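Heads up, start18.pdb below (PDB, C-alpha atoms):
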```pdb
ATOM      1  CA  GLY A   1      42.012   3.435  36.548  1.00  0.00           C
ATOM      2  CA  ALA A   2      39.674   1.516  34.307  1.00  0.00           C
ATOM      3  CA  VAL A   3      36.022   2.083  35.092  1.00  0.00           C
ATOM      4  CA  VAL A   4      32.727   0.937  33.707  1.00  0.00           C
ATOM      5  CA  SER A   5      29.889   3.408  34.018  1.00  0.00           C
ATOM      6  CA  GLN A   6      26.216   2.553  33.778  1.00  0.00           C
ATOM      7  CA  HIS A   7      23.256   4.844  33.304  1.00  0.00           C
ATOM      8  CA  PRO A   8      20.637   5.354  34.583  1.00  0.00           C
ATOM      9  CA  SER A   9      21.140   4.068  38.106  1.00  0.00           C
ATOM     10  CA  ARG A  10      17.401   3.955  38.689  1.00  0.00           C
ATOM     11  CA  VAL A  11      14.493   4.081  36.300  1.00  0.00           C
ATOM     12  CA  ILE A  12      10.768   3.663  36.670  1.00  0.00           C
ATOM     13  CA  CYS A  13       8.708   3.015  33.577  1.00  0.00           C
ATOM     14  CA  LYS A  14       5.135   2.154  32.778  1.00  0.00           C
ATOM     15  CA  SER A  15       4.164  -1.321  31.730  1.00  0.00           C
ATOM     16  CA  GLY A  16       4.342  -1.711  27.963  1.00  0.00           C
ATOM     17  CA  THR A  17       6.986   0.914  27.393  1.00  0.00           C
ATOM     18  CA  SER A  18      10.653   0.436  26.573  1.00  0.00           C
ATOM     19  CA  VAL A  19      13.644   1.522  28.562  1.00  0.00           C
ATOM     20  CA  LYS A  20      17.291   1.785  27.574  1.00  0.00           C
ATOM     21  CA  ILE A  21      20.269   1.195  29.857  1.00  0.00           C
ATOM     22  CA  GLU A  22      23.755   2.283  28.829  1.00  0.00           C
ATOM     23  CA  CYS A  23      27.061   0.715  29.754  1.00  0.00           C
ATOM     24  CA  ARG A  24      30.233   2.624  28.994  1.00  0.00           C
ATOM     25  CA  SER A  25      33.849   1.680  29.407  1.00  0.00           C
ATOM     26  CA  LEU A  26      35.928   4.647  30.488  1.00  0.00           C
ATOM     27  CA  ASP A  27      39.647   4.792  29.710  1.00  0.00           C
ATOM     28  CA  PHE A  28      39.598   1.520  27.794  1.00  0.00           C
ATOM     29  CA  GLN A  29      38.007  -0.110  24.807  1.00  0.00           C
ATOM     30  CA  ALA A  30      35.761  -3.089  25.338  1.00  0.00           C
ATOM     31  CA  THR A  31      35.050  -5.266  22.338  1.00  0.00           C
ATOM     32  CA  THR A  32      32.995  -7.496  24.598  1.00  0.00           C
ATOM     33  CA  MET A  33      30.637  -6.576  27.393  1.00  0.00           C
ATOM     34  CA  PHE A  34      28.313  -8.730  29.447  1.00  0.00           C
ATOM     35  CA  TRP A  35      24.822  -8.053  30.755  1.00  0.00           C
ATOM     36  CA  TYR A  36      23.526  -9.604  33.949  1.00  0.00           C
ATOM     37  CA  ARG A  37      20.206  -9.483  35.750  1.00  0.00           C
ATOM     38  CA  GLN A  38      19.821  -9.873  39.484  1.00  0.00           C
ATOM     39  CA  PHE A  39      16.485 -10.340  41.226  1.00  0.00           C
ATOM     40  CA  PRO A  40      16.260  -9.515  44.936  1.00  0.00           C
ATOM     41  CA  LYS A  41      18.103 -11.984  47.137  1.00  0.00           C
ATOM     42  CA  GLN A  42      19.311 -13.915  44.120  1.00  0.00           C
ATOM     43  CA  SER A  43      22.547 -14.263  42.205  1.00  0.00           C
ATOM     44  CA  LEU A  44      23.695 -12.509  39.072  1.00  0.00           C
ATOM     45  CA  MET A  45      22.392 -14.307  36.039  1.00  0.00           C
ATOM     46  CA  LEU A  46      24.172 -13.798  32.742  1.00  0.00           C
ATOM     47  CA  MET A  47      21.747 -12.601  30.091  1.00  0.00           C
ATOM     48  CA  ALA A  48      23.910 -11.998  27.059  1.00  0.00           C
ATOM     49  CA  THR A  49      27.302 -11.215  25.638  1.00  0.00           C
ATOM     50  CA  SER A  50      27.496  -7.939  23.770  1.00  0.00           C
ATOM     51  CA  ASN A  51      29.939  -7.971  20.869  1.00  0.00           C
ATOM     52  CA  GLU A  52      31.163  -4.825  19.163  1.00  0.00           C
ATOM     53  CA  GLY A  53      30.352  -4.942  15.480  1.00  0.00           C
ATOM     54  CA  SER A  54      28.283  -8.103  15.603  1.00  0.00           C
ATOM     55  CA  LYS A  55      25.152  -9.562  17.096  1.00  0.00           C
ATOM     56  CA  ALA A  56      24.867 -10.239  20.775  1.00  0.00           C
ATOM     57  CA  THR A  57      24.934 -13.793  22.047  1.00  0.00           C
ATOM     58  CA  TYR A  58      22.055 -14.600  24.358  1.00  0.00           C
ATOM     59  CA  GLU A  59      21.979 -17.166  27.124  1.00  0.00           C
ATOM     60  CA  GLN A  60      19.387 -19.887  27.044  1.00  0.00           C
ATOM     61  CA  GLY A  61      15.973 -18.660  28.083  1.00  0.00           C
ATOM     62  CA  VAL A  62      16.643 -14.983  27.436  1.00  0.00           C
ATOM     63  CA  GLU A  63      14.380 -13.477  24.770  1.00  0.00           C
ATOM     64  CA  LYS A  64      16.526 -11.623  22.270  1.00  0.00           C
ATOM     65  CA  ASP A  65      13.547  -9.696  20.883  1.00  0.00           C
ATOM     66  CA  LYS A  66      12.658  -8.440  24.324  1.00  0.00           C
ATOM     67  CA  PHE A  67      16.142  -7.549  25.493  1.00  0.00           C
ATOM     68  CA  LEU A  68      17.763  -5.720  22.612  1.00  0.00           C
ATOM     69  CA  ILE A  69      21.493  -5.269  22.843  1.00  0.00           C
ATOM     70  CA  ASN A  70      23.490  -2.907  20.714  1.00  0.00           C
ATOM     71  CA  HIS A  71      27.242  -2.536  20.928  1.00  0.00           C
ATOM     72  CA  ALA A  72      27.509   0.677  18.969  1.00  0.00           C
ATOM     73  CA  SER A  73      31.154   1.437  19.635  1.00  0.00           C
ATOM     74  CA  LEU A  74      34.162   0.103  21.447  1.00  0.00           C
ATOM     75  CA  THR A  75      33.094   1.934  24.598  1.00  0.00           C
ATOM     76  CA  LEU A  76      29.308   1.647  24.623  1.00  0.00           C
ATOM     77  CA  SER A  77      26.803  -1.157  24.896  1.00  0.00           C
ATOM     78  CA  THR A  78      23.101  -0.582  25.403  1.00  0.00           C
ATOM     79  CA  LEU A  79      20.391  -2.872  26.722  1.00  0.00           C
ATOM     80  CA  THR A  80      16.837  -1.994  25.770  1.00  0.00           C
ATOM     81  CA  VAL A  81      14.040  -3.720  27.628  1.00  0.00           C
ATOM     82  CA  THR A  82      11.120  -3.617  25.223  1.00  0.00           C
ATOM     83  CA  SER A  83       7.468  -3.805  26.200  1.00  0.00           C
ATOM     84  CA  ALA A  84       8.477  -3.940  29.819  1.00  0.00           C
ATOM     85  CA  HIS A  85       6.291  -5.742  32.352  1.00  0.00           C
ATOM     86  CA  PRO A  86       6.396  -5.751  36.147  1.00  0.00           C
ATOM     87  CA  GLU A  87       8.222  -9.091  36.132  1.00  0.00           C
ATOM     88  CA  ASP A  88      11.098  -7.388  34.310  1.00  0.00           C
ATOM     89  CA  SER A  89      11.704  -5.262  37.388  1.00  0.00           C
ATOM     90  CA  SER A  90      15.201  -6.134  38.474  1.00  0.00           C
ATOM     91  CA  PHE A  91      18.766  -4.953  38.967  1.00  0.00           C
ATOM     92  CA  TYR A  92      20.592  -4.946  35.638  1.00  0.00           C
ATOM     93  CA  ILE A  93      24.373  -4.777  35.626  1.00  0.00           C
ATOM     94  CA  CYS A  94      27.008  -4.867  32.941  1.00  0.00           C
ATOM     95  CA  SER A  95      30.648  -5.893  32.978  1.00  0.00           C
ATOM     96  CA  ALA A  96      33.621  -5.528  30.684  1.00  0.00           C
ATOM     97  CA  PRO A  97      37.069  -7.129  30.778  1.00  0.00           C
ATOM     98  CA  LEU A  98      39.989  -4.738  30.501  1.00  0.00           C
ATOM     99  CA  SER A  99      41.251  -7.080  27.827  1.00  0.00           C
ATOM    100  CA  SER A 100      40.688 -10.744  27.132  1.00  0.00           C
ATOM    101  CA  GLY A 101      41.555 -12.734  30.205  1.00  0.00           C
ATOM    102  CA  ASN A 102      42.210  -9.611  32.242  1.00  0.00           C
ATOM    103  CA  THR A 103      40.480  -7.883  35.130  1.00  0.00           C
ATOM    104  CA  ILE A 104      36.711  -7.636  34.783  1.00  0.00           C
ATOM    105  CA  TYR A 105      35.016  -4.375  35.727  1.00  0.00           C
ATOM    106  CA  PHE A 106      31.374  -4.004  36.661  1.00  0.00           C
ATOM    107  CA  GLY A 107      29.116  -1.047  36.105  1.00  0.00           C
ATOM    108  CA  GLU A 108      27.227   0.464  39.032  1.00  0.00           C
ATOM    109  CA  GLY A 109      24.054  -1.338  38.043  1.00  0.00           C
ATOM    110  CA  SER A 110      20.608  -0.076  37.107  1.00  0.00           C
ATOM    111  CA  TRP A 111      17.462  -0.613  39.114  1.00  0.00           C
ATOM    112  CA  LEU A 112      14.470  -1.018  36.826  1.00  0.00           C
ATOM    113  CA  THR A 113      10.981  -0.795  38.248  1.00  0.00           C
ATOM    114  CA  VAL A 114       8.065  -1.393  35.910  1.00  0.00           C
ATOM    115  CA  VAL A 115       4.739  -0.147  37.211  1.00  0.00           C
TER     116      VAL A 115
ATOM    117  CA  GLY B 116      27.476 -24.696  29.782  1.00  0.00           C
ATOM    118  CA  GLU B 117      29.216 -23.860  33.005  1.00  0.00           C
ATOM    119  CA  ASN B 118      27.426 -24.574  36.277  1.00  0.00           C
ATOM    120  CA  VAL B 119      28.668 -23.177  39.571  1.00  0.00           C
ATOM    121  CA  GLU B 120      27.370 -24.391  42.906  1.00  0.00           C
ATOM    122  CA  GLN B 121      28.040 -22.533  46.136  1.00  0.00           C
ATOM    123  CA  HIS B 122      27.652 -23.623  49.765  1.00  0.00           C
ATOM    124  CA  PRO B 123      26.512 -22.758  52.304  1.00  0.00           C
ATOM    125  CA  SER B 124      23.726 -20.352  51.456  1.00  0.00           C
ATOM    126  CA  THR B 125      23.985 -18.736  54.873  1.00  0.00           C
ATOM    127  CA  LEU B 126      26.822 -18.755  57.374  1.00  0.00           C
ATOM    128  CA  SER B 127      26.911 -17.300  60.861  1.00  0.00           C
ATOM    129  CA  VAL B 128      30.173 -17.052  62.772  1.00  0.00           C
ATOM    130  CA  GLN B 129      31.382 -15.351  65.910  1.00  0.00           C
ATOM    131  CA  GLU B 130      33.646 -12.377  65.511  1.00  0.00           C
ATOM    132  CA  GLY B 131      37.224 -13.582  65.364  1.00  0.00           C
ATOM    133  CA  ASP B 132      36.350 -17.012  64.002  1.00  0.00           C
ATOM    134  CA  SER B 133      37.086 -18.195  60.479  1.00  0.00           C
ATOM    135  CA  ALA B 134      34.576 -18.516  57.672  1.00  0.00           C
ATOM    136  CA  VAL B 135      34.826 -20.869  54.725  1.00  0.00           C
ATOM    137  CA  ILE B 136      32.674 -20.800  51.605  1.00  0.00           C
ATOM    138  CA  LYS B 137      32.972 -23.497  48.970  1.00  0.00           C
ATOM    139  CA  CYS B 138      32.188 -23.629  45.277  1.00  0.00           C
ATOM    140  CA  THR B 139      32.305 -26.272  42.597  1.00  0.00           C
ATOM    141  CA  TYR B 140      32.262 -25.766  38.850  1.00  0.00           C
ATOM    142  CA  SER B 141      31.562 -28.031  35.916  1.00  0.00           C
ATOM    143  CA  ASP B 142      33.605 -26.772  32.959  1.00  0.00           C
ATOM    144  CA  SER B 143      37.179 -28.031  33.121  1.00  0.00           C
ATOM    145  CA  ALA B 144      38.203 -25.281  30.668  1.00  0.00           C
ATOM    146  CA  SER B 145      37.384 -22.542  33.195  1.00  0.00           C
ATOM    147  CA  ASN B 146      40.554 -20.751  34.185  1.00  0.00           C
ATOM    148  CA  TYR B 147      39.595 -17.753  36.294  1.00  0.00           C
ATOM    149  CA  PHE B 148      37.838 -17.867  39.656  1.00  0.00           C
ATOM    150  CA  PRO B 149      36.995 -14.569  41.348  1.00  0.00           C
ATOM    151  CA  TRP B 150      35.194 -13.965  44.612  1.00  0.00           C
ATOM    152  CA  TYR B 151      32.939 -10.966  45.089  1.00  0.00           C
ATOM    153  CA  LYS B 152      31.377  -9.199  48.036  1.00  0.00           C
ATOM    154  CA  GLN B 153      28.137  -7.426  47.278  1.00  0.00           C
ATOM    155  CA  GLU B 154      26.088  -4.944  49.258  1.00  0.00           C
ATOM    156  CA  LEU B 155      22.425  -4.595  48.434  1.00  0.00           C
ATOM    157  CA  GLY B 156      21.856  -2.700  45.218  1.00  0.00           C
ATOM    158  CA  LYS B 157      25.513  -2.158  44.474  1.00  0.00           C
ATOM    159  CA  ARG B 158      27.991  -3.612  42.069  1.00  0.00           C
ATOM    160  CA  PRO B 159      29.961  -6.699  43.133  1.00  0.00           C
ATOM    161  CA  GLN B 160      33.333  -5.873  44.641  1.00  0.00           C
ATOM    162  CA  LEU B 161      36.205  -8.150  43.771  1.00  0.00           C
ATOM    163  CA  ILE B 162      37.864  -9.305  46.974  1.00  0.00           C
ATOM    164  CA  ILE B 163      40.230 -11.950  45.677  1.00  0.00           C
ATOM    165  CA  ASP B 164      40.702 -14.078  42.581  1.00  0.00           C
ATOM    166  CA  ILE B 165      42.743 -17.019  41.437  1.00  0.00           C
ATOM    167  CA  ARG B 166      43.760 -18.347  38.068  1.00  0.00           C
ATOM    168  CA  SER B 167      44.049 -21.968  37.115  1.00  0.00           C
ATOM    169  CA  ASN B 168      47.828 -22.083  37.208  1.00  0.00           C
ATOM    170  CA  VAL B 169      47.851 -21.310  40.926  1.00  0.00           C
ATOM    171  CA  GLY B 170      46.637 -23.472  43.815  1.00  0.00           C
ATOM    172  CA  GLU B 171      46.371 -20.884  46.556  1.00  0.00           C
ATOM    173  CA  LYS B 172      46.415 -17.141  46.953  1.00  0.00           C
ATOM    174  CA  LYS B 173      46.322 -15.038  50.088  1.00  0.00           C
ATOM    175  CA  ASP B 174      45.657 -11.381  50.792  1.00  0.00           C
ATOM    176  CA  GLN B 175      45.809 -10.498  54.472  1.00  0.00           C
ATOM    177  CA  ARG B 176      42.785 -12.167  56.115  1.00  0.00           C
ATOM    178  CA  ILE B 177      41.422 -13.560  52.890  1.00  0.00           C
ATOM    179  CA  ALA B 178      42.631 -16.616  51.008  1.00  0.00           C
ATOM    180  CA  VAL B 179      41.374 -18.677  48.113  1.00  0.00           C
ATOM    181  CA  THR B 180      42.305 -22.247  47.267  1.00  0.00           C
ATOM    182  CA  LEU B 181      41.730 -24.029  43.982  1.00  0.00           C
ATOM    183  CA  ASN B 182      41.657 -27.734  43.242  1.00  0.00           C
ATOM    184  CA  LYS B 183      41.462 -28.103  39.469  1.00  0.00           C
ATOM    185  CA  THR B 184      41.295 -31.866  39.557  1.00  0.00           C
ATOM    186  CA  ALA B 185      38.250 -31.848  41.791  1.00  0.00           C
ATOM    187  CA  LYS B 186      36.913 -28.641  40.200  1.00  0.00           C
ATOM    188  CA  HIS B 187      36.336 -26.837  43.412  1.00  0.00           C
ATOM    189  CA  PHE B 188      37.593 -23.648  45.010  1.00  0.00           C
ATOM    190  CA  SER B 189      37.104 -22.113  48.414  1.00  0.00           C
ATOM    191  CA  LEU B 190      37.173 -18.731  50.118  1.00  0.00           C
ATOM    192  CA  HIS B 191      38.690 -18.519  53.582  1.00  0.00           C
ATOM    193  CA  ILE B 192      38.249 -15.475  55.806  1.00  0.00           C
ATOM    194  CA  THR B 193      40.174 -15.509  59.069  1.00  0.00           C
ATOM    195  CA  GLU B 194      39.652 -13.313  62.139  1.00  0.00           C
ATOM    196  CA  THR B 195      36.247 -12.277  60.913  1.00  0.00           C
ATOM    197  CA  GLN B 196      34.937  -8.846  61.788  1.00  0.00           C
ATOM    198  CA  PRO B 197      31.376  -7.475  61.794  1.00  0.00           C
ATOM    199  CA  GLU B 198      32.122  -5.476  58.640  1.00  0.00           C
ATOM    200  CA  ASP B 199      32.753  -8.759  56.822  1.00  0.00           C
ATOM    201  CA  SER B 200      29.002  -9.371  57.017  1.00  0.00           C
ATOM    202  CA  ALA B 201      27.725  -9.298  53.428  1.00  0.00           C
ATOM    203  CA  VAL B 202      26.705 -11.501  50.537  1.00  0.00           C
ATOM    204  CA  TYR B 203      29.601 -13.299  48.881  1.00  0.00           C
ATOM    205  CA  PHE B 204      29.556 -14.762  45.391  1.00  0.00           C
ATOM    206  CA  CYS B 205      31.989 -17.080  43.711  1.00  0.00           C
ATOM    207  CA  ALA B 206      32.266 -17.176  39.946  1.00  0.00           C
ATOM    208  CA  ALA B 207      33.968 -19.189  37.246  1.00  0.00           C
ATOM    209  CA  SER B 208      34.929 -17.870  33.854  1.00  0.00           C
ATOM    210  CA  ASP B 209      34.803 -19.283  30.382  1.00  0.00           C
ATOM    211  CA  ARG B 210      38.043 -20.504  28.844  1.00  0.00           C
ATOM    212  CA  TYR B 211      38.969 -16.956  27.835  1.00  0.00           C
ATOM    213  CA  GLY B 212      38.585 -15.614  31.339  1.00  0.00           C
ATOM    214  CA  ASN B 213      35.852 -13.125  30.408  1.00  0.00           C
ATOM    215  CA  LYS B 214      32.336 -14.467  30.799  1.00  0.00           C
ATOM    216  CA  LEU B 215      31.477 -15.226  34.401  1.00  0.00           C
ATOM    217  CA  VAL B 216      28.954 -17.657  35.783  1.00  0.00           C
ATOM    218  CA  PHE B 217      28.101 -16.937  39.398  1.00  0.00           C
ATOM    219  CA  GLY B 218      27.304 -19.155  42.300  1.00  0.00           C
ATOM    220  CA  ALA B 219      24.061 -18.651  44.190  1.00  0.00           C
ATOM    221  CA  GLY B 220      25.696 -16.585  46.911  1.00  0.00           C
ATOM    222  CA  THR B 221      26.362 -16.918  50.631  1.00  0.00           C
ATOM    223  CA  ILE B 222      25.011 -14.572  53.272  1.00  0.00           C
ATOM    224  CA  LEU B 223      27.738 -14.219  55.880  1.00  0.00           C
ATOM    225  CA  ARG B 224      26.815 -12.870  59.289  1.00  0.00           C
ATOM    226  CA  VAL B 225      29.545 -12.104  61.760  1.00  0.00           C
ATOM    227  CA  LYS B 226      28.204 -11.811  65.280  1.00  0.00           C
ATOM    228  CA  SER B 227      29.959  -9.590  67.745  1.00  0.00           C
TER     229      SER B 227
END
```
Could you rewrite the structure in this file as structure tokens?
Amino acid sequence: GAVVSQHPSRVICKSGTSVKIECRSLDFQATTMFWYRQFPKQSLMLMATSNEGSKATYEQGVEKDKFLINHASLTLSTLTVTSAHPEDSSFYICSAPLSSGNTIYFGEGSWLTVV
Amino acid sequence: GENVEQHPSTLSVQEGDSAVIKCTYSDSASNYFPWYKQELGKRPQLIIDIRSNVGEKKDQRIAVTLNKTAKHFSLHITETQPEDSAVYFCAASDRYGNKLVFGAGTILRVKS
């Protein structure tokens, strides 16, 4: 069945460095993917919509220069956290609809710890 | 934009009792309302969903009701079991059914 895979599942990086998280749709093409962030004991907050072949759409309050999104192909979206700081430590998770208005699949999520 | 409110934030019930979690949404164009169960550090698991052309949907012990006029939808779990203990999130989609806005979540504890 349709699956969304995310990598890495856990990453630790030093403050000031950048880290890239990949989100892949397996068995289906995703022209749109979504990136969420979840702090401990909180809900999933939508960060941005990743669009294949065009710029991502960011939610209010999300810094587009800090959270770079690239939708390089119909099966891959990447989120790069640039100049990471400890407050960026969070659970990042992506999702992709099988097709517009269809079942939405989530990746496994990525734990980012910035030290 | 869409705003989803979820209540209660925590819910404790005795094993075998029913649990009800309620959500309201703001965007009348929303047409897809899923409910997720999430374990710590893992992806949300879809447990049931409903689309705007349906008022109620049931799957064994779990049911969801939708009132489009009032813009609210509810999750009902009957005959609760300890393994139902988890965090539950409601969500509402954009008009295309793709982008989800989540409620704040409900911690459900089922006491045996």
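Closest approach to Asn102 of chain A among B:Ala201, B:Val128, B:Cys138, B:Ile165 is made by B:Ile165 (distances from only C-alpha atoms).
Pairwise distance (atom CA of Gln153 of chain B, atom CA of Tyr203 of chain B) equals 6.3 Å.
Proximity to Gly116 of chain B was assessed for A:Glu87, A:Leu46, A:Val115, A:Glu52 counting all atoms listed in the file; the smallest distance is recorded for A:Leu46.
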Rows by chain and residue number, chain B within 10 Å of chain A, shortest pair, only C-alpha atoms, as CSV:
```
residue,atom,partner,partner_atom,distance
B:Gly116,CA,A:Glu59,CA,9.7
B:Asn146,CA,A:Gly101,CA,9.0
B:Tyr147,CA,A:Gly101,CA,8.1
B:Pro149,CA,A:Ile104,CA,9.6
B:Leu155,CA,A:Pro40,CA,8.6
B:Gly156,CA,A:Phe91,CA,7.3
B:Lys157,CA,A:Glu108,CA,6.3
B:Arg158,CA,A:Glu108,CA,5.1
B:Pro159,CA,A:Phe106,CA,7.2
B:Gln160,CA,A:Phe106,CA,8.4
B:Leu161,CA,A:Tyr105,CA,9.0
B:Asp164,CA,A:Thr103,CA,9.7
B:Arg166,CA,A:Gly101,CA,9.9
B:Val202,CA,A:Lys41,CA,9.3
B:Tyr203,CA,A:Ser43,CA,9.8
B:Phe204,CA,A:Ser43,CA,7.7
B:Cys205,CA,A:Ser43,CA,10.0
B:Ala206,CA,A:Leu44,CA,9.8
B:Ser208,CA,A:Gly101,CA,9.1
B:Asp209,CA,A:Gly101,CA,9.4
B:Arg210,CA,A:Gly101,CA,8.6
B:Tyr211,CA,A:Gly101,CA,5.5
B:Gly212,CA,A:Gly101,CA,4.3
B:Asn213,CA,A:Gly101,CA,5.7
B:Lys214,CA,A:Phe34,CA,7.1
B:Leu215,CA,A:Leu46,CA,7.6
B:Val216,CA,A:Leu46,CA,6.9
B:Phe217,CA,A:Leu44,CA,6.3
B:Gly218,CA,A:Ser43,CA,6.8
B:Ala219,CA,A:Ser43,CA,5.0
B:Gly220,CA,A:Ser43,CA,6.1
B:Thr221,CA,A:Ser43,CA,9.6
B:Ile222,CA,A:Lys41,CA,9.6
```
Excluding same-chain residues fewer than 3 positions from Phe188 of chain B, what lies within 7 Å of it counting all atoms listed in the file, as a PDB file with C-alpha atoms, in the coordinates of the input?
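So the final result, stored in selection.pdb, reads:
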```pdb
ATOM      1  CA  LYS B 137      32.972 -23.497  48.970  1.00  0.00           C
ATOM      2  CA  CYS B 138      32.188 -23.629  45.277  1.00  0.00           C
ATOM      3  CA  THR B 139      32.305 -26.272  42.597  1.00  0.00           C
ATOM      4  CA  VAL B 179      41.374 -18.677  48.113  1.00  0.00           C
ATOM      5  CA  THR B 180      42.305 -22.247  47.267  1.00  0.00           C
ATOM      6  CA  LEU B 181      41.730 -24.029  43.982  1.00  0.00           C
ATOM      7  CA  ASN B 182      41.657 -27.734  43.242  1.00  0.00           C
TER       8      ASN B 182
END
```
Explicit residue set for the PyMOL selection byres ((chain A and resi 19) around 7), as a ChimeraX atom specification | /A:17-18,20-21,80-82
Which residues are close to Ser141 of chain B, i.e. within 10 Å by only C-alpha atoms, leaving aside same-chain residues fewer than 2 positions away? Reply as a compact mmCIF listing (two decimals) with C-alpha atoms, in the frame of the given file.
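Below you can see result.txt, which holds the result:
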```
# COMPACT_ATOMS: atom_id res chain seq x y z
CA GLY B 116 27.48 -24.70 29.78
CA GLU B 117 29.22 -23.86 33.01
CA ASN B 118 27.43 -24.57 36.28
CA VAL B 119 28.67 -23.18 39.57
CA GLU B 120 27.37 -24.39 42.91
CA THR B 139 32.30 -26.27 42.60
CA SER B 143 37.18 -28.03 33.12
CA ALA B 144 38.20 -25.28 30.67
CA SER B 145 37.38 -22.54 33.20
CA ALA B 185 38.25 -31.85 41.79
CA LYS B 186 36.91 -28.64 40.20
CA HIS B 187 36.34 -26.84 43.41
CA ALA B 207 33.97 -19.19 37.25
```
With a distance cut-off of 7 Å and all atoms listed in the file, select the neighbouring residues of Ser133 of chain B, excluding the residue or stretch itself and same-chain residues fewer than 3 positions from it, and output the selection as an MDAnalysis selection string.
-> chainID B and resid 192:195
Quick one: of A:Leu112, A:Val3, A:Leu74, A:Val11, who's nearest to Asn51 of chain A, counting only C-alpha atoms?
-> A:Leu74
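Distance-wise, atom CA of Ser73 of chain A and atom CA of Phe28 of chain A end up 11.7 Å apart.
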How big is the axis-aligned box around the listed atoms of segment 191-207 of chain B once 3 Å is added on each side, and where is its centre? Give both in Å to one decimal, as AutoDock Vina command-line options.
```
--center_x 33.4 --center_y -12.3 --center_z 49.7 --size_x 19.5 --size_y 19.7 --size_z 30.9
```
Mind rebuilding segment 118-123 of chain B with all heavy atoms and writing that out as an mmCIF file, keeping the file's coordinate frame?
```
data_model
loop_
_atom_site.group_PDB
_atom_site.id
_atom_site.type_symbol
_atom_site.label_atom_id
_atom_site.label_comp_id
_atom_site.auth_asym_id
_atom_site.auth_seq_id
_atom_site.Cartn_x
_atom_site.Cartn_y
_atom_site.Cartn_z
ATOM 1 N N ASN B 118 28.334 -24.575 35.125
ATOM 2 C CA ASN B 118 27.426 -24.574 36.277
ATOM 3 C C ASN B 118 28.269 -24.404 37.533
ATOM 4 O O ASN B 118 29.257 -25.122 37.730
ATOM 5 C CB ASN B 118 26.640 -25.882 36.337
ATOM 6 C CG ASN B 118 25.666 -25.895 37.492
ATOM 7 O OD1 ASN B 118 24.909 -24.956 37.684
ATOM 8 N ND2 ASN B 118 25.691 -26.953 38.284
ATOM 9 N N VAL B 119 27.921 -23.452 38.342
ATOM 10 C CA VAL B 119 28.668 -23.177 39.571
ATOM 11 C C VAL B 119 27.744 -23.352 40.761
ATOM 12 O O VAL B 119 26.666 -22.747 40.808
ATOM 13 C CB VAL B 119 29.251 -21.744 39.560
ATOM 14 C CG1 VAL B 119 29.976 -21.462 40.873
ATOM 15 C CG2 VAL B 119 30.197 -21.564 38.385
ATOM 16 N N GLU B 120 28.153 -24.184 41.689
ATOM 17 C CA GLU B 120 27.370 -24.391 42.906
ATOM 18 C C GLU B 120 28.151 -23.837 44.096
ATOM 19 O O GLU B 120 29.374 -24.013 44.189
ATOM 20 C CB GLU B 120 27.067 -25.869 43.098
ATOM 21 C CG GLU B 120 26.141 -26.423 42.016
ATOM 22 C CD GLU B 120 25.597 -27.800 42.343
ATOM 23 O OE1 GLU B 120 25.963 -28.343 43.404
ATOM 24 O OE2 GLU B 120 24.812 -28.323 41.542
ATOM 25 N N GLN B 121 27.423 -23.218 45.001
ATOM 26 C CA GLN B 121 28.040 -22.533 46.136
ATOM 27 C C GLN B 121 27.362 -22.957 47.427
ATOM 28 O O GLN B 121 26.134 -23.015 47.500
ATOM 29 C CB GLN B 121 27.933 -21.015 45.949
ATOM 30 C CG GLN B 121 28.581 -20.186 47.026
ATOM 31 C CD GLN B 121 28.602 -18.704 46.684
ATOM 32 O OE1 GLN B 121 28.359 -18.294 45.544
ATOM 33 N NE2 GLN B 121 28.885 -17.872 47.664
ATOM 34 N N HIS B 122 28.180 -23.218 48.457
ATOM 35 C CA HIS B 122 27.652 -23.623 49.765
ATOM 36 C C HIS B 122 28.517 -23.018 50.874
ATOM 37 O O HIS B 122 29.729 -22.886 50.707
ATOM 38 C CB HIS B 122 27.684 -25.149 49.891
ATOM 39 C CG HIS B 122 26.864 -25.844 48.874
ATOM 40 N ND1 HIS B 122 25.499 -25.970 48.977
ATOM 41 C CD2 HIS B 122 27.210 -26.421 47.709
ATOM 42 C CE1 HIS B 122 25.051 -26.613 47.934
ATOM 43 N NE2 HIS B 122 26.060 -26.900 47.150
ATOM 44 N N PRO B 123 27.940 -22.685 52.009
ATOM 45 C CA PRO B 123 26.512 -22.758 52.304
ATOM 46 C C PRO B 123 25.777 -21.517 51.789
ATOM 47 O O PRO B 123 26.404 -20.573 51.345
ATOM 48 C CB PRO B 123 26.499 -22.786 53.836
ATOM 49 C CG PRO B 123 27.678 -21.946 54.210
ATOM 50 C CD PRO B 123 28.733 -22.210 53.150
#
```
